[in-house]
$ cat input33.txt   # compact mmCIF, C-alpha atoms
# COMPACT_ATOMS: atom_id res chain seq x y z
CA MET A 1 22.23 8.88 -7.34
CA SER A 2 23.61 9.60 -10.77
CA THR A 3 25.61 12.84 -10.90
CA GLU A 4 24.90 13.50 -14.54
CA ASP A 5 24.05 17.14 -13.70
CA GLY A 6 27.35 17.56 -11.87
CA LEU A 7 25.73 17.63 -8.44
CA SER A 8 26.34 15.19 -5.62
CA LEU A 9 24.96 14.77 -2.15
CA ARG A 10 26.46 13.29 0.98
CA GLN A 11 24.35 11.75 3.72
CA ASN A 12 25.19 14.53 6.17
CA ASP A 13 23.94 17.13 3.64
CA ILE A 14 20.48 15.64 3.20
CA ALA A 15 18.55 17.75 5.70
CA ALA A 16 19.80 20.94 4.07
CA ARG A 17 20.00 19.93 0.42
CA LEU A 18 17.20 17.44 -0.32
CA THR A 19 13.63 18.48 -1.09
CA CYS A 20 11.11 15.66 -0.78
CA VAL A 21 7.68 15.89 -2.38
CA VAL A 22 4.89 13.50 -1.40
CA VAL A 23 1.84 13.11 -3.65
CA GLY A 24 -1.31 12.25 -1.71
CA GLY A 25 -2.60 12.79 1.79
CA ASP A 26 -3.15 9.43 3.47
CA ILE A 27 -1.46 7.59 6.33
CA LEU A 28 1.51 6.67 4.13
CA ALA A 29 2.18 10.35 3.46
CA TYR A 30 2.58 10.94 7.17
CA SER A 31 4.79 7.84 7.40
CA TYR A 32 7.12 9.38 4.80
CA VAL A 33 7.17 12.71 6.63
CA ARG A 34 7.83 11.15 10.00
CA GLU A 35 10.53 8.74 8.85
CA LEU A 36 12.38 11.29 6.68
CA HIS A 37 12.58 13.51 9.73
CA ARG A 38 13.70 10.64 11.97
CA ALA A 39 16.37 9.41 9.54
CA PHE A 40 17.81 12.69 8.29
CA GLY A 41 16.31 15.53 10.31
CA ILE A 42 14.32 16.78 7.31
CA ALA A 43 11.96 19.36 8.80
CA ARG A 44 9.99 20.28 5.67
CA VAL A 45 8.34 17.87 3.24
CA ILE A 46 6.13 19.26 0.48
CA VAL A 47 2.81 17.40 0.34
CA LEU A 48 0.63 17.79 -2.75
CA ALA A 49 -3.02 16.96 -2.16
CA SER A 50 -6.39 17.69 -3.72
CA ARG A 51 -8.10 18.42 -0.40
CA ASP A 52 -7.25 19.40 3.13
CA ILE A 53 -6.42 16.41 5.32
CA LYS A 54 -6.00 18.09 8.70
CA MET A 55 -3.97 15.28 10.22
CA LEU A 56 -1.29 16.06 7.61
CA SER A 57 -1.75 19.76 6.98
CA SER A 58 -1.50 20.49 10.71
CA SER A 59 1.87 18.76 11.02
CA ARG A 60 4.80 21.11 11.61
CA PHE A 61 6.91 18.99 9.23
CA THR A 62 4.72 19.49 6.13
CA ASP A 63 4.49 22.20 3.52
CA TYR A 64 0.95 21.26 2.56
CA ARG A 65 -0.30 22.43 -0.84
CA ILE A 66 -3.81 21.87 -2.16
CA ILE A 67 -4.06 21.69 -5.96
CA GLU A 68 -7.22 20.39 -7.56
CA GLY A 69 -6.56 17.25 -9.60
CA VAL A 70 -2.92 16.94 -8.59
CA THR A 71 -3.27 13.40 -7.23
CA THR A 72 -5.07 11.94 -10.25
CA ALA A 73 -4.29 13.94 -13.41
CA ALA A 74 -0.93 13.84 -15.19
CA GLU A 75 -1.61 17.21 -16.84
CA VAL A 76 -1.83 18.76 -13.36
CA LEU A 77 0.78 16.73 -11.48
CA TYR A 78 3.71 16.97 -13.88
CA PRO A 79 3.65 20.78 -14.29
CA ALA A 80 3.21 21.18 -10.53
CA LEU A 81 6.31 19.09 -9.88
CA GLU A 82 8.29 20.88 -12.58
CA GLN A 83 7.41 24.22 -11.01
CA ILE A 84 8.53 22.99 -7.61
CA ALA A 85 11.84 21.92 -9.15
CA LEU A 86 12.32 25.36 -10.68
CA ASP A 87 11.44 27.14 -7.44
CA GLU A 88 13.66 24.97 -5.27
CA ARG A 89 16.67 25.25 -7.56
CA ALA A 90 16.21 28.98 -8.01
CA THR A 91 17.24 29.42 -4.39
CA ASP A 92 19.76 26.55 -4.36
CA PRO A 93 21.06 25.27 -7.74
CA ALA A 94 22.63 22.26 -5.99
CA ARG A 95 19.35 21.12 -4.43
CA ARG A 96 18.34 17.50 -4.93
CA LEU A 97 14.72 16.43 -5.42
CA LEU A 98 12.78 13.25 -4.58
CA VAL A 99 9.14 12.51 -5.36
CA LEU A 100 7.06 9.85 -3.57
CA GLY A 101 3.50 8.62 -4.09
CA CYS A 102 0.94 7.04 -1.79
CA ASP A 103 -1.22 4.68 -3.86
CA ASP A 104 -1.52 2.76 -7.14
CA VAL A 105 -2.60 5.79 -9.15
CA HIS A 106 0.39 7.80 -7.98
CA ALA A 107 2.78 4.94 -8.71
CA ARG A 108 1.44 4.71 -12.27
CA LEU A 109 1.59 8.48 -12.81
CA LEU A 110 5.12 8.82 -11.46
CA SER A 111 6.34 5.76 -13.36
CA ALA A 112 4.74 6.88 -16.63
CA GLY A 113 6.26 10.35 -16.28
CA LYS A 114 9.60 9.19 -14.91
CA GLN A 115 11.79 10.43 -17.76
CA ARG A 116 10.10 13.82 -17.80
CA LEU A 117 10.42 14.18 -14.02
CA GLN A 118 14.05 13.03 -14.07
CA ARG A 119 14.80 15.76 -16.61
CA ALA A 120 13.31 18.22 -14.14
CA GLY A 121 15.75 16.92 -11.53
CA PHE A 122 13.67 14.44 -9.53
CA ALA A 123 14.76 11.04 -8.31
CA VAL A 124 11.75 8.82 -9.10
CA PRO A 125 11.90 5.57 -7.07
CA TYR A 126 9.51 3.55 -9.23
CA ILE A 127 10.11 0.83 -11.80
CA ASP A 128 9.74 1.60 -15.51
CA PHE A 129 6.14 1.83 -16.64
CA GLN A 130 6.26 -1.13 -19.01
CA LEU A 131 7.20 -3.48 -16.17
CA LEU A 132 4.81 -1.81 -13.71
CA ASP A 133 1.90 -2.13 -16.12
CA GLU A 134 2.77 -5.76 -16.81
CA ILE A 135 3.06 -7.13 -13.29
CA THR A 136 0.15 -5.17 -11.81
CA GLN A 137 -2.21 -6.93 -14.23
CA LYS A 138 -3.33 -9.86 -12.14
CA ARG A 139 -3.39 -12.27 -15.08
CA ARG A 140 0.29 -11.62 -15.80
CA PHE A 141 1.18 -11.72 -12.11
CA TYR A 142 -0.35 -15.19 -11.81
CA GLU A 143 1.41 -16.35 -14.99
CA LEU A 144 4.70 -15.41 -13.35
CA CYS A 145 3.65 -17.17 -10.15
CA GLU A 146 2.89 -20.30 -12.20
CA GLU A 147 6.30 -20.10 -13.88
CA LEU A 148 8.07 -19.75 -10.51
CA GLY A 149 5.99 -22.31 -8.63
CA ILE A 150 4.45 -19.70 -6.32
CA PRO A 151 0.98 -20.73 -5.04
CA TYR A 152 -1.97 -18.50 -5.96
CA PRO A 153 -5.78 -18.90 -5.86
CA GLN A 154 -7.72 -20.63 -8.62
CA THR A 155 -8.70 -17.76 -10.88
CA TRP A 156 -11.05 -16.87 -13.76
CA TYR A 157 -10.95 -13.72 -15.91
CA PHE A 158 -13.74 -11.82 -17.63
CA ASP A 159 -13.34 -8.84 -19.98
CA CYS A 160 -15.46 -5.97 -18.65
CA ALA A 161 -15.31 -4.05 -21.94
CA ASN A 162 -16.28 -6.86 -24.34
CA GLY A 163 -17.47 -9.69 -22.13
CA PRO A 164 -20.92 -11.31 -22.06
CA ASP A 165 -23.97 -9.57 -20.60
CA THR A 166 -24.33 -12.37 -18.05
CA LEU A 167 -21.89 -14.81 -16.48
CA PRO A 168 -22.29 -18.58 -16.06
CA VAL A 169 -22.79 -17.97 -12.35
CA HIS A 170 -24.15 -21.44 -11.57
CA GLU A 171 -20.95 -23.08 -12.77
CA PHE A 172 -18.95 -21.72 -9.82
CA SER A 173 -18.64 -22.99 -6.26
CA TYR A 174 -19.28 -20.41 -3.57
CA PRO A 175 -18.10 -18.37 -1.71
CA LEU A 176 -15.95 -16.44 -4.20
CA ILE A 177 -13.88 -13.28 -4.31
CA ALA A 178 -14.27 -10.79 -7.16
CA LYS A 179 -11.94 -7.85 -7.75
CA PRO A 180 -10.62 -5.72 -10.61
CA SER A 181 -7.53 -6.89 -12.43
CA ASN A 182 -6.33 -3.28 -12.66
CA SER A 183 -6.79 -1.62 -9.26
CA ALA A 184 -5.60 1.80 -10.41
CA LEU A 185 -8.14 2.02 -13.25
CA PHE A 186 -10.90 0.73 -10.99
CA GLN A 187 -10.09 3.33 -8.36
CA ASP A 188 -11.06 6.10 -10.78
CA ALA A 189 -14.05 4.30 -12.30
CA THR A 190 -17.68 5.08 -11.50
CA VAL A 191 -19.29 1.82 -10.41
CA ALA A 192 -22.64 1.23 -8.73
CA ARG A 193 -22.33 -0.33 -5.25
CA LYS A 194 -18.56 -0.08 -5.63
CA ARG A 195 -16.30 -2.00 -3.28
CA LYS A 196 -12.56 -2.51 -3.20
CA ILE A 197 -13.04 -6.29 -2.95
CA TYR A 198 -16.30 -8.19 -3.41
CA GLU A 199 -17.10 -11.15 -1.18
CA ILE A 200 -19.65 -13.22 -3.11
CA ASP A 201 -21.87 -15.85 -1.45
CA THR A 202 -24.51 -16.58 -4.12
CA PRO A 203 -24.96 -16.69 -7.91
CA ASP A 204 -27.32 -13.70 -7.73
CA GLU A 205 -24.70 -11.62 -5.96
CA LEU A 206 -22.10 -12.46 -8.61
CA GLN A 207 -24.50 -11.57 -11.42
CA GLN A 208 -25.24 -8.20 -9.78
CA VAL A 209 -21.56 -7.41 -9.32
CA TRP A 210 -20.85 -8.32 -12.95
CA HIS A 211 -23.70 -6.13 -14.16
CA ASP A 212 -22.53 -3.17 -12.06
CA ILE A 213 -18.95 -3.38 -13.33
CA ARG A 214 -19.76 -4.46 -16.90
CA THR A 215 -21.97 -1.37 -17.39
CA SER A 216 -19.48 1.02 -15.75
CA ASP A 217 -16.55 2.92 -17.28
CA TYR A 218 -14.06 0.33 -15.99
CA GLY A 219 -12.78 -1.45 -19.10
CA ALA A 220 -10.19 -3.95 -17.89
CA GLU A 221 -10.75 -7.47 -16.58
CA LEU A 222 -12.73 -8.67 -13.59
CA VAL A 223 -10.94 -11.39 -11.63
CA ILE A 224 -13.00 -14.08 -9.90
CA GLN A 225 -11.19 -16.29 -7.43
CA ASP A 226 -11.65 -19.24 -5.18
CA PHE A 227 -12.23 -17.99 -1.63
CA ILE A 228 -9.34 -19.03 0.61
CA PRO A 229 -10.89 -19.99 3.98
CA GLY A 230 -9.90 -18.15 7.12
CA GLY A 231 -10.44 -14.73 8.63
CA ASP A 232 -8.14 -11.77 9.06
CA GLU A 233 -5.65 -13.93 10.96
CA ALA A 234 -4.94 -15.96 7.80
CA ILE A 235 -3.80 -12.88 5.85
CA ARG A 236 -0.11 -12.08 5.52
CA THR A 237 1.64 -8.98 4.26
CA LEU A 238 5.23 -8.74 3.04
CA THR A 239 7.20 -5.60 2.23
CA THR A 240 10.45 -5.87 0.28
CA PHE A 241 13.24 -3.64 -0.94
CA SER A 242 15.41 -4.85 -3.81
CA ASP A 243 18.34 -3.47 -5.78
CA ALA A 244 18.71 -2.74 -9.50
CA GLN A 245 19.38 -6.42 -10.26
CA GLY A 246 16.27 -7.54 -8.40
CA ASN A 247 18.20 -8.92 -5.42
CA LEU A 248 16.23 -8.80 -2.18
CA ARG A 249 18.01 -6.46 0.24
CA VAL A 250 15.48 -5.78 3.02
CA VAL A 251 12.31 -7.64 4.01
CA SER A 252 9.64 -7.33 6.68
CA GLY A 253 6.18 -8.75 7.10
CA GLY A 254 3.56 -10.06 9.42
CA VAL A 255 0.15 -11.48 10.14
CA VAL A 256 -2.89 -9.23 9.80
CA CYS A 257 -4.73 -9.22 13.11
CA LEU A 258 -7.49 -6.90 11.91
CA GLN A 259 -8.67 -5.40 8.62
CA ASP A 260 -10.73 -2.31 7.91
CA HIS A 261 -14.43 -3.16 7.55
CA ASP A 262 -15.44 0.00 5.71
CA PRO A 263 -16.71 -1.14 2.25
CA THR A 264 -14.42 1.35 0.45
CA ALA A 265 -11.36 0.21 2.40
CA LEU A 266 -12.03 -3.51 2.86
CA GLY A 267 -8.73 -5.35 2.84
CA ASN A 268 -6.64 -2.53 4.32
CA PRO A 269 -4.86 -3.86 7.43
CA LEU A 270 -5.39 -1.89 10.63
CA ALA A 271 -3.26 -4.12 12.87
CA ILE A 272 -0.21 -6.11 11.75
CA MET A 273 1.97 -8.20 14.05
CA GLY A 274 5.47 -9.02 12.91
CA GLN A 275 5.86 -12.67 11.91
CA ARG A 276 8.54 -14.23 9.73
CA GLU A 277 7.63 -16.92 7.17
CA GLN A 278 10.54 -18.33 5.16
CA ALA A 279 8.28 -19.68 2.38
CA ILE A 280 6.87 -16.22 1.75
CA ILE A 281 10.30 -14.58 1.73
CA ASP A 282 11.68 -17.18 -0.71
CA ALA A 283 8.73 -16.78 -3.09
CA ALA A 284 8.91 -12.98 -3.09
CA ALA A 285 12.70 -13.05 -3.61
CA ALA A 286 12.28 -15.34 -6.63
CA PHE A 287 9.64 -13.04 -8.13
CA LEU A 288 11.72 -9.87 -7.62
CA LYS A 289 14.78 -11.49 -9.19
CA ARG A 290 12.77 -12.83 -12.14
CA VAL A 291 11.50 -9.38 -13.16
CA GLU A 292 14.59 -7.45 -11.95
CA TYR A 293 12.46 -5.32 -9.66
CA ARG A 294 14.10 -2.30 -8.02
CA GLY A 295 12.77 -0.49 -4.97
CA MET A 296 9.89 -0.97 -2.58
CA ALA A 297 7.21 -3.61 -3.20
CA ASN A 298 4.37 -5.01 -1.15
CA PHE A 299 2.81 -8.48 -1.51
CA ASP A 300 -0.67 -9.56 -0.37
CA ILE A 301 -0.82 -13.23 0.70
CA LYS A 302 -3.17 -15.60 2.51
CA TYR A 303 -2.48 -18.85 4.32
CA ASP A 304 -4.54 -21.73 2.93
CA GLU A 305 -5.28 -24.14 5.76
CA ARG A 306 -6.49 -26.74 3.27
CA ASP A 307 -3.00 -27.56 2.05
CA GLY A 308 -0.68 -25.45 4.23
CA THR A 309 0.43 -23.13 1.41
CA PHE A 310 0.76 -19.36 1.33
CA ARG A 311 -1.16 -18.11 -1.71
CA PHE A 312 -0.04 -14.85 -3.33
CA PHE A 313 -2.76 -12.45 -4.49
CA GLU A 314 -0.86 -9.49 -5.97
CA VAL A 315 2.17 -7.25 -5.88
CA ASN A 316 1.86 -3.53 -5.20
CA THR A 317 4.61 -1.67 -7.05
CA ARG A 318 5.03 0.90 -4.32
CA CYS A 319 5.11 1.28 -0.58
CA GLY A 320 1.95 -0.07 1.01
CA ARG A 321 -0.10 2.31 3.12
CA ASN A 322 1.18 0.46 6.22
CA THR A 323 4.87 0.30 5.28
CA TYR A 324 5.77 1.95 8.57
CA TYR A 325 5.72 -1.55 10.05
CA MET A 326 9.12 -2.09 8.41
CA SER A 327 10.42 0.78 10.51
CA LEU A 328 8.92 -0.77 13.64
CA GLY A 329 10.70 -3.99 12.64
CA GLY A 330 14.04 -2.20 12.73
CA VAL A 331 14.69 -0.66 9.28
CA ASN A 332 13.61 2.89 8.38
CA PHE A 333 11.89 2.39 5.01
CA ALA A 334 12.21 6.04 3.91
CA GLU A 335 15.95 5.92 4.59
CA LEU A 336 16.24 2.95 2.20
CA ILE A 337 14.65 4.94 -0.63
CA VAL A 338 16.99 7.90 -0.12
CA ARG A 339 20.08 5.69 0.13
CA GLU A 340 19.24 3.75 -3.06
CA PHE A 341 17.81 6.44 -5.31
CA VAL A 342 19.45 9.65 -4.08
CA LEU A 343 22.77 8.65 -2.52
CA ASN A 344 23.36 5.58 -4.73
CA GLU A 345 24.63 3.62 -1.74
CA PRO A 346 24.70 -0.18 -1.60
CA ILE A 347 22.08 -1.61 0.75
CA GLU A 348 23.19 -4.43 3.02
CA TYR A 349 20.84 -7.40 3.48
CA ARG A 350 18.62 -7.03 6.55
CA GLU A 351 15.44 -8.50 7.92
CA ALA A 352 13.15 -6.14 9.84
CA TYR A 353 11.48 -8.52 12.26
CA GLU A 354 12.11 -6.98 15.65
CA PRO A 355 8.94 -7.65 17.70
CA PHE A 356 6.25 -5.17 16.68
CA LEU A 357 2.56 -4.50 16.46
CA TYR A 358 1.71 -1.91 13.84
CA CYS A 359 -1.73 -0.65 14.86
CA CYS A 360 -4.03 2.16 13.71
CA VAL A 361 -6.73 1.48 16.31
CA PRO A 362 -6.72 1.51 20.12
CA PRO A 363 -6.47 -1.72 22.16
CA TYR A 364 -10.19 -1.36 22.89
CA VAL A 365 -10.98 -2.01 19.22
CA LEU A 366 -8.62 -4.98 19.06
CA ARG A 367 -10.15 -6.60 22.14
CA ARG A 368 -13.65 -6.28 20.70
CA SER A 369 -12.78 -7.26 17.12
CA VAL A 370 -10.06 -9.95 17.03
CA ALA A 371 -11.82 -13.31 17.27
CA ASP A 372 -8.66 -15.40 17.71
CA ARG A 373 -7.95 -14.80 21.41
CA GLN A 374 -4.48 -16.35 21.29
CA LEU A 375 -3.55 -14.05 18.40
CA LEU A 376 -5.01 -11.11 20.33
CA GLN A 377 -2.92 -11.90 23.39
CA ARG A 378 0.26 -12.16 21.31
CA ALA A 379 -0.59 -8.89 19.55
CA LEU A 380 -1.10 -7.04 22.83
CA GLU A 381 2.18 -8.43 24.13
CA CYS A 382 3.94 -7.19 20.99
CA ARG A 383 2.31 -3.79 21.40
CA ALA A 384 3.76 -3.58 24.90
CA VAL A 385 7.33 -3.92 23.57
CA THR A 386 6.92 -1.77 20.45
CA HIS A 387 7.32 1.42 22.49
CA GLU A 388 4.97 3.46 20.32
CA PRO A 389 2.91 5.73 22.63
CA TYR A 390 0.41 6.40 19.84
CA PRO A 391 -0.71 4.55 16.73
CA LEU A 392 1.30 5.89 13.80
CA ALA A 393 -1.34 8.09 12.21
CA TYR A 394 -2.04 9.82 15.50
CA ALA A 395 1.46 10.45 16.86
CA PRO A 396 1.34 14.24 17.29
CA ASP A 397 4.23 16.54 16.36
CA SER A 398 2.51 19.80 17.38
CA THR A 399 -0.45 20.92 19.46
CA ALA A 400 -2.72 21.45 16.44
CA HIS A 401 -1.60 18.17 14.97
CA ALA A 402 -2.46 16.38 18.21
CA LEU A 403 -6.05 17.65 18.11
CA TRP A 404 -6.66 16.47 14.55
CA SER A 405 -4.80 13.20 15.13
CA TRP A 406 -6.96 12.24 18.09
CA ALA A 407 -10.07 13.18 16.11
CA MET A 408 -9.06 10.61 13.46
CA TYR A 409 -8.20 8.12 16.18
CA LEU A 410 -11.73 8.33 17.59
CA ASN A 411 -13.20 8.14 14.09
CA GLN A 412 -11.76 4.62 13.74
CA ILE A 413 -13.88 3.53 16.70
CA ARG A 414 -16.99 5.06 15.10
CA LYS A 415 -16.24 3.21 11.86
CA PHE A 416 -16.00 -0.10 13.66
CA LYS A 417 -19.24 0.56 15.49
CA ARG A 418 -20.97 1.24 12.17
CA PHE A 419 -19.42 -1.41 9.94
CA HIS A 420 -18.53 -4.23 12.29
CA TRP A 421 -19.91 -4.26 15.80
CA ASP A 422 -23.47 -3.07 15.04
CA THR A 423 -23.98 -5.12 11.89
CA GLY A 424 -21.63 -8.08 12.13
CA GLY A 425 -20.27 -7.10 8.73
CA LYS A 426 -23.62 -7.45 6.96
CA GLN A 427 -23.62 -3.79 5.98
CA LEU A 428 -20.65 -4.48 3.76
CA LYS A 429 -22.95 -6.14 1.24
CA GLU A 430 -25.57 -3.38 1.06
$ encode --input "input33.txt" --output "structure tokens"
Amino acid sequence: MSTEDGLSLRQNDIAARLTCVVVGGDILAYSYVRELHRAFGIARVIVLASRDIKMLSSSRFTDYRIIEGVTTAAEVLYPALEQIALDERATDPARRLLVLGCDDVHARLLSAGKQRLQRAGFAVPYIDFQLLDEITQKRRFYELCEELGIPYPQTWYFDCANGPDTLPVHEFSYPLIAKPSNSALFQDATVARKRKIYEIDTPDELQQVWHDIRTSDYGAELVIQDFIPGGDEAIRTLTTFSDAQGNLRVVSGGVVCLQDHDPTALGNPLAIMGQREQAIIDAAAAFLKRVEYRGMANFDIKYDERDGTFRFFEVNTRCGRNTYYMSLGGVNFAELIVREFVLNEPIEYREAYEPFLYCCVPPYVLRRSVADRQLLQRALECRAVTHEPYPLAYAPDSTAHALWSWAMYLNQIRKFKRFHWDTGGKQLKE
């Protein structure tokens, strides 16, 4: 890291001299905590959350602080971080600080406030806000894909703030996918029958979705796309780490064996098996270099059996919630962030594709839910060699943590019973 304040940090000092702050309380937050401890022996990570998530607050490695509005409001988050910086440096003037977020809203907040937070002493491992805001708009992302020859779905755009009252719904071929162009703004919007992603089978469904979003407080574009055939097994995920020049330094990815079927979380992978695809790596590397992207990124992709292409849907300008799969593939993702943004060390090129199955559900759920039996068998074989005794979110680090972790573990089975096994997915459209 830059030593503009006269302070430096060696790798063997990290456990004693680096304070890490995580904003948010989801599975990625625990991934940060776990991997920072594994890489550097950091035994205390400050977690800022707006409510008590027992699976995190019960961990012996977290200093869990509940502050209303801290995960969504800049006027709450920035002062809270500045106060932490003052408190930490009051006891140790040479202390280094690193802040990490868990979702799109946090990435935007930390990027937008990067200069202010850097003045307070934080390393902020997010790209500048102008670039973040540009490439997270799906229209601009697809323009860049077009320029670089990266396949993407056929797409239409409609302005939710100033668009028509009704759409020409009979002009489309069905099924379709509808989703917000700006995921971060949509996350905070109040929308009737809100879903993360809308699977549309009929003109009436599309008209209802448009009405719900058009009359809400979401004011960006709605993206309507050609539905790429195939189930969960056609979905790919790719996580990358690139340097300040946009050169790809570390990559990992895989095939999604199973997605979450909860309407509010549809599209979140619950089981990912490591699988290397050169075409995906080449496309992502070209994109990162084109925009000079630095740090962690995550790409959502789907294999199109109609023409054998891998179609890119979006780039997440942050760690994905399941980035721990990179660690399972052989490279500790939290260590990369510290080495690049705190220690200012060069990162050697590596591919994290050691055999792995990243899984947040027990084998029982996989056996009942994965329709492709060959994929299921391969996934279970990968799980056998991954050497993870628990799914990530439920790996206990204390007695209290074990109780809450197993409670969440069992809750995943209840969710599948409600949203998948009992209804065949039909409840997703209610």
$ closest_residue --input "input33.txt" --among "A:Leu167, A:Ala371, A:Cys160, A:Cys145" --to "A:Ala283" --atoms "only C-alpha atoms"
A:Cys145
$ closest_residue --input "input33.txt" --among "A:Ala220, A:Leu248, A:Ala234, A:Leu185" --to "A:Ala286" --atoms "all atoms listed in the file"
A:Leu248
$ atom_distance --input "input33.txt" --atom1 "atom CA of A:Gly163" --atom2 "atom CA of A:Arg214"
7.7 Å
$ residues_around --input "input33.txt" --residues "stretch 250-253 of chain A" --least-positions-apart "3" --cutoff "8 Å" --atoms "all atoms listed in the file" --output "count of residues only"
20
$ residues_near_point --input "input33.txt" --point "(9.3, -18.4, -8.2)" --cutoff "9 Å" --atoms "all atoms listed in the file" --output "ChimeraX atom specification"
/A:144-150,282-290
$ residues_around --input "input33.txt" --residues "A:Gly24" --least-positions-apart "2" --cutoff "10 Å" --atoms "only C-alpha atoms" --output "ChimeraX atom specification"
/A:21-22,26-30,47-51,53,66,70-72,100-103,105-106
$ write_last_selection --input "input33.txt" --atoms "C-alpha atoms" --output "compact mmCIF listing (two decimals), keeping the file's coordinate frame"
# COMPACT_ATOMS: atom_id res chain seq x y z
CA VAL A 21 7.68 15.89 -2.38
CA VAL A 22 4.89 13.50 -1.40
CA ASP A 26 -3.15 9.43 3.47
CA ILE A 27 -1.46 7.59 6.33
CA LEU A 28 1.51 6.67 4.13
CA ALA A 29 2.18 10.35 3.46
CA TYR A 30 2.58 10.94 7.17
CA VAL A 47 2.81 17.40 0.34
CA LEU A 48 0.63 17.79 -2.75
CA ALA A 49 -3.02 16.96 -2.16
CA SER A 50 -6.39 17.69 -3.72
CA ARG A 51 -8.10 18.42 -0.40
CA ILE A 53 -6.42 16.41 5.32
CA ILE A 66 -3.81 21.87 -2.16
CA VAL A 70 -2.92 16.94 -8.59
CA THR A 71 -3.27 13.40 -7.23
CA THR A 72 -5.07 11.94 -10.25
CA LEU A 100 7.06 9.85 -3.57
CA GLY A 101 3.50 8.62 -4.09
CA CYS A 102 0.94 7.04 -1.79
CA ASP A 103 -1.22 4.68 -3.86
CA VAL A 105 -2.60 5.79 -9.15
CA HIS A 106 0.39 7.80 -7.98
$ atom_distance --input "input33.txt" --atom1 "atom CA of A:Asp212" --atom2 "atom CA of A:Arg318"
28.9 Å
$ atom_distance --input "input33.txt" --atom1 "atom CA of A:Tyr218" --atom2 "atom CA of A:Phe186"
5.9 Å
$ closest_residue --input "input33.txt" --among "A:Ile337, A:Leu206, A:Leu380, A:Ala112" --to "A:Leu98" --atoms "all atoms listed in the file"
A:Ile337
$ residues_around --input "input33.txt" --residues "A:Ala189" --least-positions-apart "6" --cutoff "10 Å" --atoms "all atoms listed in the file" --output "ChimeraX atom specification"
/A:183,213,216-219
$ closest_atom_pairs --input "input33.txt" --of "stretch 341-378 of chain A" --to "stretch 332-336 of chain A" --cutoff "10 Å" --atoms "only C-alpha atoms" --output "Markdown table"
| residue | atom | partner | partner_atom | distance |
| --- | --- | --- | --- | --- |
| A:Phe341 | CA | A:Leu336 | CA | 8.4 |
| A:Val342 | CA | A:Leu336 | CA | 9.7 |
| A:Leu343 | CA | A:Leu336 | CA | 9.9 |
| A:Glu345 | CA | A:Leu336 | CA | 9.3 |
| A:Pro346 | CA | A:Leu336 | CA | 9.8 |
| A:Ile347 | CA | A:Leu336 | CA | 7.5 |
| A:Ala352 | CA | A:Asn332 | CA | 9.2 |
$ closest_residue --input "input33.txt" --among "A:Pro93, A:Gly254, A:Pro229, A:Gly121" --to "A:Pro269" --atoms "only C-alpha atoms"
A:Gly254
$ build_atoms --input "input33.txt" --residues "stretch 41-52 of chain A" --atoms "N, CA and C atoms" --output "mmCIF file, keeping the file's coordinate frame"
data_model
loop_
_atom_site.group_PDB
_atom_site.id
_atom_site.type_symbol
_atom_site.label_atom_id
_atom_site.label_comp_id
_atom_site.auth_asym_id
_atom_site.auth_seq_id
_atom_site.Cartn_x
_atom_site.Cartn_y
_atom_site.Cartn_z
ATOM 1 N N GLY A 41 16.595 14.212 9.745
ATOM 2 C CA GLY A 41 16.310 15.530 10.310
ATOM 3 C C GLY A 41 15.627 16.469 9.350
ATOM 4 N N ILE A 42 15.028 15.940 8.279
ATOM 5 C CA ILE A 42 14.320 16.780 7.310
ATOM 6 C C ILE A 42 13.087 17.370 7.985
ATOM 7 N N ALA A 43 13.022 18.676 8.051
ATOM 8 C CA ALA A 43 11.960 19.360 8.800
ATOM 9 C C ALA A 43 10.867 19.921 7.909
ATOM 10 N N ARG A 44 11.000 19.737 6.586
ATOM 11 C CA ARG A 44 9.990 20.280 5.670
ATOM 12 C C ARG A 44 9.850 19.329 4.492
ATOM 13 N N VAL A 45 8.678 18.715 4.377
ATOM 14 C CA VAL A 45 8.340 17.870 3.240
ATOM 15 C C VAL A 45 7.135 18.480 2.543
ATOM 16 N N ILE A 46 7.260 18.715 1.252
ATOM 17 C CA ILE A 46 6.130 19.260 0.480
ATOM 18 C C ILE A 46 5.138 18.135 0.232
ATOM 19 N N VAL A 47 3.878 18.369 0.579
ATOM 20 C CA VAL A 47 2.810 17.400 0.340
ATOM 21 C C VAL A 47 1.815 18.010 -0.629
ATOM 22 N N LEU A 48 1.588 17.331 -1.757
ATOM 23 C CA LEU A 48 0.630 17.790 -2.750
ATOM 24 C C LEU A 48 -0.650 16.977 -2.613
ATOM 25 N N ALA A 49 -1.757 17.648 -2.372
ATOM 26 C CA ALA A 49 -3.020 16.960 -2.160
ATOM 27 C C ALA A 49 -4.140 17.733 -2.833
ATOM 28 N N SER A 50 -5.255 17.046 -3.071
ATOM 29 C CA SER A 50 -6.390 17.690 -3.720
ATOM 30 C C SER A 50 -7.417 18.218 -2.721
ATOM 31 N N ARG A 51 -7.234 17.881 -1.441
ATOM 32 C CA ARG A 51 -8.100 18.420 -0.400
ATOM 33 C C ARG A 51 -7.348 18.481 0.916
ATOM 34 N N ASP A 52 -7.932 19.179 1.867
ATOM 35 C CA ASP A 52 -7.250 19.400 3.130
ATOM 36 C C ASP A 52 -7.465 18.219 4.079
#
